[in-house]
Amino acid sequence: MKKISGFTFIKNGLTLGYPILESVLSIEPICDEVVINVGFDDQECTKDDGTYAYLTSNLKGEKYKFIKSWWDPAIQKSGLILSQQTNIALEQCTGKYCQYIQGDECIHEDDLPAILAGVEEMEKNDQIDGLVFNYMHFYGNVDIYKYTRTMYRREVRLVRNHKGIKSWLDAQGFRKADDTKLKARLIKARIFHYGWARPEKVMAKKVVAFDRLYHGNAKDNQKEFAYTRVWGLKKFKGTHPKVAKPWLDANRNELDFDKLPFQFSSRILDVIVSDLIESATGYRIGEYKNYKLI
């Protein structure tokens, strides 16, 4: 039996500037197989933006298992199609444990030993349903990250297989078959999330695509997107995953956030107070979790 299956999904990865190849390569070293679900616009799965050909030409070998899936346009509420497509990939995993990665996420090579150590702990303790990773949310460019209560700081990214565990709602996390929360262990591994660190022209396309997935009312003529200076931005002084370098070099923005207009809202003061409390105590007020830490 394969021990660890990697799995992911993607649609229009080229058009929307996803580092999907880098995402897969970041988990490949710890996986016995990697299941990749590629989305198409038609039921015959013949129309996509070239993502399927791009991935199959760059990821060769028995380790990789590709699936073609139709994204039903009728599912345009709350991002539910994202969990549906995640579960299609998860159902094809044969490993005892399943390492999830989304198309705009990467794992640092320095953190792979921590993941394997977490899996070994799961081998010894069958009460652990999954492993929780820490998040680095990059914003505007790959040298700036956003850390604030409005961004989730942790999430489950590795789960037991064959236990009815499923992707939940818009695929941020996972739940048990009866919708209850997973029992999970926090490990010292990071998810580098590049979803908001792409060029502004590409981000405009992403905003349209996600408005359609969540609300079904995006306008194709929405062409403008501009980054603004928001609360919670910090300089990133660490290193990025080595496999992500080609994508990082191609998508680096030279933005001076000190010169951008500050985006103010009436609830920003509450967020600032909450963030200050977290900084002093480590406790995040009102934090949403798909898991229970054990």
# chains A, B, ... in the order shown; residues from 1 in each chain; ligands from 1
call {"tool": "closest_atom_pairs", "arguments": {"of": "stretch 30-99 of chain A", "to": "stretch 152-159 of chain A", "cutoff": "8 Å", "atoms": "only C-alpha atoms", "output": "CSV"}}
result
residue,atom,partner,partner_atom,distance
A:Tyr97,CA,A:Val159,CA,5.8
A:Cys98,CA,A:Val159,CA,5.3
A:Gln99,CA,A:Leu158,CA,4.4
call {"tool": "closest_atom_pairs", "arguments": {"of": "stretch 88-151 of chain A", "to": "stretch 194-209 of chain A", "cutoff": "12 Å", "atoms": "only C-alpha atoms", "output": "tab-separated table"}}
result
residue	atom	partner	partner_atom	distance
A:Gln102	CA	A:Gly195	CA	9.7
A:Gly103	CA	A:Gly195	CA	8.6
A:Asp104	CA	A:Gly195	CA	5.3
A:Glu105	CA	A:Tyr194	CA	6.1
A:Cys106	CA	A:Tyr194	CA	8.2
A:Ile107	CA	A:Tyr194	CA	11.2
A:Tyr135	CA	A:Tyr194	CA	10.5
A:Met136	CA	A:Tyr194	CA	8.5
A:His137	CA	A:Tyr194	CA	6.5
A:Phe138	CA	A:Tyr194	CA	5.4
A:Tyr139	CA	A:Ala197	CA	4.8
A:Gly140	CA	A:Ala197	CA	4.6
A:Asn141	CA	A:Ala197	CA	4.6
A:Val142	CA	A:Ala197	CA	6.0
A:Asp143	CA	A:Ala197	CA	9.1
A:Ile144	CA	A:Ala197	CA	8.6
A:Tyr145	CA	A:Ala197	CA	8.9
A:Lys146	CA	A:Trp196	CA	9.7
A:Met151	CA	A:Trp196	CA	11.7
call {"tool": "residues_around", "arguments": {"residues": "A:Lys63", "least_positions_apart": "4", "cutoff": "12 Å", "atoms": "only C-alpha atoms", "output": "short mmCIF file (atom, residue, chain, number, x, y, z; two decimals) with N, CA and C atoms, in the first residue's frame"}}
result
data_model
loop_
_atom_site.label_atom_id
_atom_site.label_comp_id
_atom_site.auth_asym_id
_atom_site.auth_seq_id
_atom_site.Cartn_x
_atom_site.Cartn_y
_atom_site.Cartn_z
N LYS A 2 0.51 2.23 -0.82
CA LYS A 2 1.22 3.50 -0.81
C LYS A 2 0.95 4.23 0.51
N ILE A 4 1.84 7.72 1.38
CA ILE A 4 1.40 9.11 1.28
C ILE A 4 1.00 9.42 -0.16
N SER A 5 -0.23 9.89 -0.32
CA SER A 5 -0.71 10.37 -1.62
C SER A 5 -0.79 11.89 -1.56
N GLY A 6 -0.23 12.53 -2.56
CA GLY A 6 -0.44 13.96 -2.70
C GLY A 6 -1.65 14.20 -3.59
N PHE A 7 -2.37 15.30 -3.39
CA PHE A 7 -3.51 15.57 -4.27
C PHE A 7 -3.76 17.07 -4.36
N VAL A 24 2.94 21.29 -7.01
CA VAL A 24 3.07 19.83 -7.06
C VAL A 24 4.49 19.40 -6.74
N LEU A 25 5.46 20.08 -7.31
CA LEU A 25 6.86 19.70 -7.08
C LEU A 25 7.26 19.89 -5.61
N ILE A 27 5.53 19.10 -2.97
CA ILE A 27 5.11 17.97 -2.14
C ILE A 27 5.61 16.64 -2.67
N GLU A 28 6.07 16.62 -3.92
CA GLU A 28 6.46 15.36 -4.57
C GLU A 28 7.47 14.53 -3.78
N PRO A 29 8.49 15.14 -3.12
CA PRO A 29 9.50 14.31 -2.45
C PRO A 29 8.96 13.40 -1.34
N ILE A 30 7.83 13.77 -0.72
CA ILE A 30 7.31 12.94 0.37
C ILE A 30 6.15 12.05 -0.07
N CYS A 31 5.79 12.11 -1.35
CA CYS A 31 4.61 11.39 -1.83
C CYS A 31 4.98 10.16 -2.66
N ASP A 32 4.21 9.10 -2.48
CA ASP A 32 4.36 7.90 -3.30
C ASP A 32 3.57 8.02 -4.59
N GLU A 33 2.56 8.87 -4.58
CA GLU A 33 1.78 9.19 -5.77
C GLU A 33 1.24 10.60 -5.62
N VAL A 34 0.93 11.25 -6.74
CA VAL A 34 0.32 12.58 -6.70
C VAL A 34 -0.85 12.59 -7.67
N VAL A 35 -2.04 12.87 -7.15
CA VAL A 35 -3.26 12.94 -7.96
C VAL A 35 -3.55 14.39 -8.30
N ILE A 36 -3.68 14.68 -9.60
CA ILE A 36 -3.88 16.05 -10.06
C ILE A 36 -5.17 16.12 -10.86
N THR A 56 0.94 17.78 -17.84
CA THR A 56 1.29 16.42 -18.27
C THR A 56 2.63 16.39 -19.01
N LEU A 59 5.22 16.88 -15.84
CA LEU A 59 5.16 15.92 -14.73
C LEU A 59 4.96 14.52 -15.32
N CYS A 93 -7.08 8.94 -4.30
CA CYS A 93 -5.84 8.68 -3.55
C CYS A 93 -5.88 7.27 -2.95
N THR A 94 -4.78 6.57 -3.07
CA THR A 94 -4.71 5.20 -2.54
C THR A 94 -3.86 5.10 -1.28
N GLY A 95 -3.17 6.16 -0.91
CA GLY A 95 -2.28 6.11 0.25
C GLY A 95 -3.03 6.11 1.56
#
call {"tool": "atom_distance", "arguments": {"atom1": "atom CA of A:His193", "atom2": "atom CA of A:Pro261"}}
result
23.9 Å
call {"tool": "closest_residue", "arguments": {"among": "A:Ala117, A:Leu82, A:Leu276, A:Leu260", "to": "A:Arg185", "atoms": "only C-alpha atoms"}}
result
A:Ala117
call {"tool": "residues_around", "arguments": {"residues": "A:Gly173", "least_positions_apart": "2", "cutoff": "10 Å", "atoms": "only C-alpha atoms", "output": "ChimeraX atom specification"}}
result
/A:83,100,132,154-158,166-171,175,181-182,289-291
call {"tool": "closest_residue", "arguments": {"among": "A:Asp275, A:Asp110, A:Asp41, A:Asp249", "to": "A:Pro19", "atoms": "only C-alpha atoms"}}
result
A:Asp249
call {"tool": "residues_around", "arguments": {"residues": "A:Tyr214", "least_positions_apart": "2", "cutoff": "10 Å", "atoms": "only C-alpha atoms", "output": "list in words"}}
result
Ile75, Gln76, Lys77, Ser78, Gly79, Leu80, Ile81, Leu82, Asp170, Ala209, Phe210, Asp211, Arg212, Gly216, Asn217 and Ala218 of chain A
call {"tool": "select_by_dssp", "arguments": {"residues": "stretch 168-225 of chain A", "states": "strand (DSSP E or B)", "output": "list in words"}}
result
Trp168, Gly173, Phe174, Arg175, Leu182, Lys183, Ala184, Arg185, Leu186, Ile187, Lys188, Ala189, Arg190, Ile191, Phe192, His193, Tyr194, Gly195 and Trp196 of chain A
call {"tool": "select_by_dssp", "arguments": {"residues": "stretch 4-174 of chain A", "states": "helix (DSSP H, G or I)", "output": "count of residues only"}}
result
47
call {"tool": "atom_distance", "arguments": {"atom1": "atom CA of A:Lys234", "atom2": "atom CA of A:Thr150"}}
result
14.4 Å
call {"tool": "atom_distance", "arguments": {"atom1": "atom CA of A:Ala189", "atom2": "atom CA of A:Leu112"}}
result
7.4 Å
call {"tool": "decode", "arguments": {"residues": "stretch 68-79 of chain A", "atoms": "all heavy atoms", "output": "CSV table (one decimal), in the first residue's frame"}}
result
chain,number,residue,atom,x,y,z
A,68,LYS,N,-9.4,14.4,-15.5
A,68,LYS,CA,-10.1,15.5,-16.2
A,68,LYS,C,-11.5,15.6,-15.6
A,68,LYS,O,-12.2,14.6,-15.5
A,68,LYS,CB,-10.1,15.2,-17.7
A,68,LYS,CG,-8.8,15.2,-18.4
A,68,LYS,CD,-9.0,15.0,-19.9
A,68,LYS,CE,-7.7,15.1,-20.7
A,68,LYS,NZ,-8.0,14.9,-22.1
A,69,SER,N,-11.8,16.8,-15.2
A,69,SER,CA,-13.2,17.1,-14.6
A,69,SER,C,-13.8,18.3,-15.2
A,69,SER,O,-13.2,19.3,-15.5
A,69,SER,CB,-13.0,17.3,-13.1
A,69,SER,OG,-12.6,16.1,-12.4
A,70,TRP,N,-15.1,18.2,-15.4
A,70,TRP,CA,-16.0,19.3,-15.9
A,70,TRP,C,-16.4,20.1,-14.7
A,70,TRP,O,-16.9,19.6,-13.7
A,70,TRP,CB,-17.2,18.7,-16.6
A,70,TRP,CG,-18.2,19.8,-17.0
A,70,TRP,CD1,-18.0,21.0,-17.6
A,70,TRP,CD2,-19.6,19.8,-16.7
A,70,TRP,NE1,-19.1,21.7,-17.8
A,70,TRP,CE2,-20.2,21.0,-17.2
A,70,TRP,CE3,-20.5,18.9,-16.0
A,70,TRP,CZ2,-21.5,21.3,-17.1
A,70,TRP,CZ3,-21.8,19.2,-16.0
A,70,TRP,CH2,-22.3,20.4,-16.5
A,71,TRP,N,-16.2,21.4,-14.8
A,71,TRP,CA,-16.7,22.3,-13.7
A,71,TRP,C,-18.1,22.8,-14.1
A,71,TRP,O,-18.2,23.7,-15.0
A,71,TRP,CB,-15.7,23.5,-13.6
A,71,TRP,CG,-14.5,23.2,-12.8
A,71,TRP,CD1,-13.7,22.0,-12.9
A,71,TRP,CD2,-13.8,24.0,-11.8
A,71,TRP,NE1,-12.7,22.1,-12.1
A,71,TRP,CE2,-12.7,23.3,-11.4
A,71,TRP,CE3,-14.1,25.2,-11.3
A,71,TRP,CZ2,-11.8,23.8,-10.4
A,71,TRP,CZ3,-13.2,25.7,-10.3
A,71,TRP,CH2,-12.1,25.0,-9.9
A,72,ASP,N,-19.1,22.3,-13.5
A,72,ASP,CA,-20.5,22.6,-13.7
A,72,ASP,C,-20.7,24.1,-13.4
A,72,ASP,O,-20.7,24.5,-12.3
A,72,ASP,CB,-21.4,21.7,-12.9
A,72,ASP,CG,-22.8,21.8,-13.2
A,72,ASP,OD1,-23.2,22.8,-14.0
A,72,ASP,OD2,-23.6,21.0,-12.7
A,73,PRO,N,-21.1,24.9,-14.4
A,73,PRO,CA,-21.4,26.3,-14.1
A,73,PRO,C,-22.6,26.6,-13.3
A,73,PRO,O,-22.8,27.7,-12.8
A,73,PRO,CB,-21.5,26.9,-15.5
A,73,PRO,CG,-22.0,25.7,-16.4
A,73,PRO,CD,-21.3,24.5,-15.8
A,74,ALA,N,-23.4,25.5,-13.1
A,74,ALA,CA,-24.6,25.7,-12.2
A,74,ALA,C,-24.2,25.8,-10.7
A,74,ALA,O,-24.9,26.3,-9.9
A,74,ALA,CB,-25.5,24.5,-12.4
A,75,ILE,N,-23.0,25.3,-10.4
A,75,ILE,CA,-22.5,25.4,-9.0
A,75,ILE,C,-21.8,26.7,-8.8
A,75,ILE,O,-20.5,26.8,-9.0
A,75,ILE,CB,-21.6,24.2,-8.7
A,75,ILE,CG1,-22.3,22.9,-9.0
A,75,ILE,CG2,-21.2,24.2,-7.2
A,75,ILE,CD1,-21.4,21.6,-8.8
A,76,GLN,N,-22.5,27.7,-8.5
A,76,GLN,CA,-21.9,29.1,-8.4
A,76,GLN,C,-22.4,29.7,-7.1
A,76,GLN,O,-23.0,30.8,-7.1
A,76,GLN,CB,-22.3,29.9,-9.6
A,76,GLN,CG,-21.6,29.5,-10.9
A,76,GLN,CD,-21.9,30.4,-12.0
A,76,GLN,OE1,-22.9,31.2,-12.0
A,76,GLN,NE2,-21.1,30.4,-13.1
A,77,LYS,N,-22.1,29.0,-6.0
A,77,LYS,CA,-22.5,29.5,-4.7
A,77,LYS,C,-21.4,29.2,-3.6
A,77,LYS,O,-21.1,28.0,-3.5
A,77,LYS,CB,-23.8,29.0,-4.3
A,77,LYS,CG,-24.3,29.5,-2.9
A,77,LYS,CD,-25.6,28.9,-2.5
A,77,LYS,CE,-26.1,29.4,-1.2
A,77,LYS,NZ,-27.4,28.7,-0.7
A,78,SER,N,-20.9,30.2,-2.9
A,78,SER,CA,-20.0,30.0,-1.8
A,78,SER,C,-18.8,29.2,-2.1
A,78,SER,O,-18.2,28.6,-1.2
A,78,SER,CB,-20.8,29.3,-0.6
A,78,SER,OG,-21.9,30.1,-0.3
A,79,GLY,N,-18.4,29.1,-3.3
A,79,GLY,CA,-17.2,28.4,-3.7
A,79,GLY,C,-17.3,26.9,-3.5
A,79,GLY,O,-16.3,26.2,-3.4
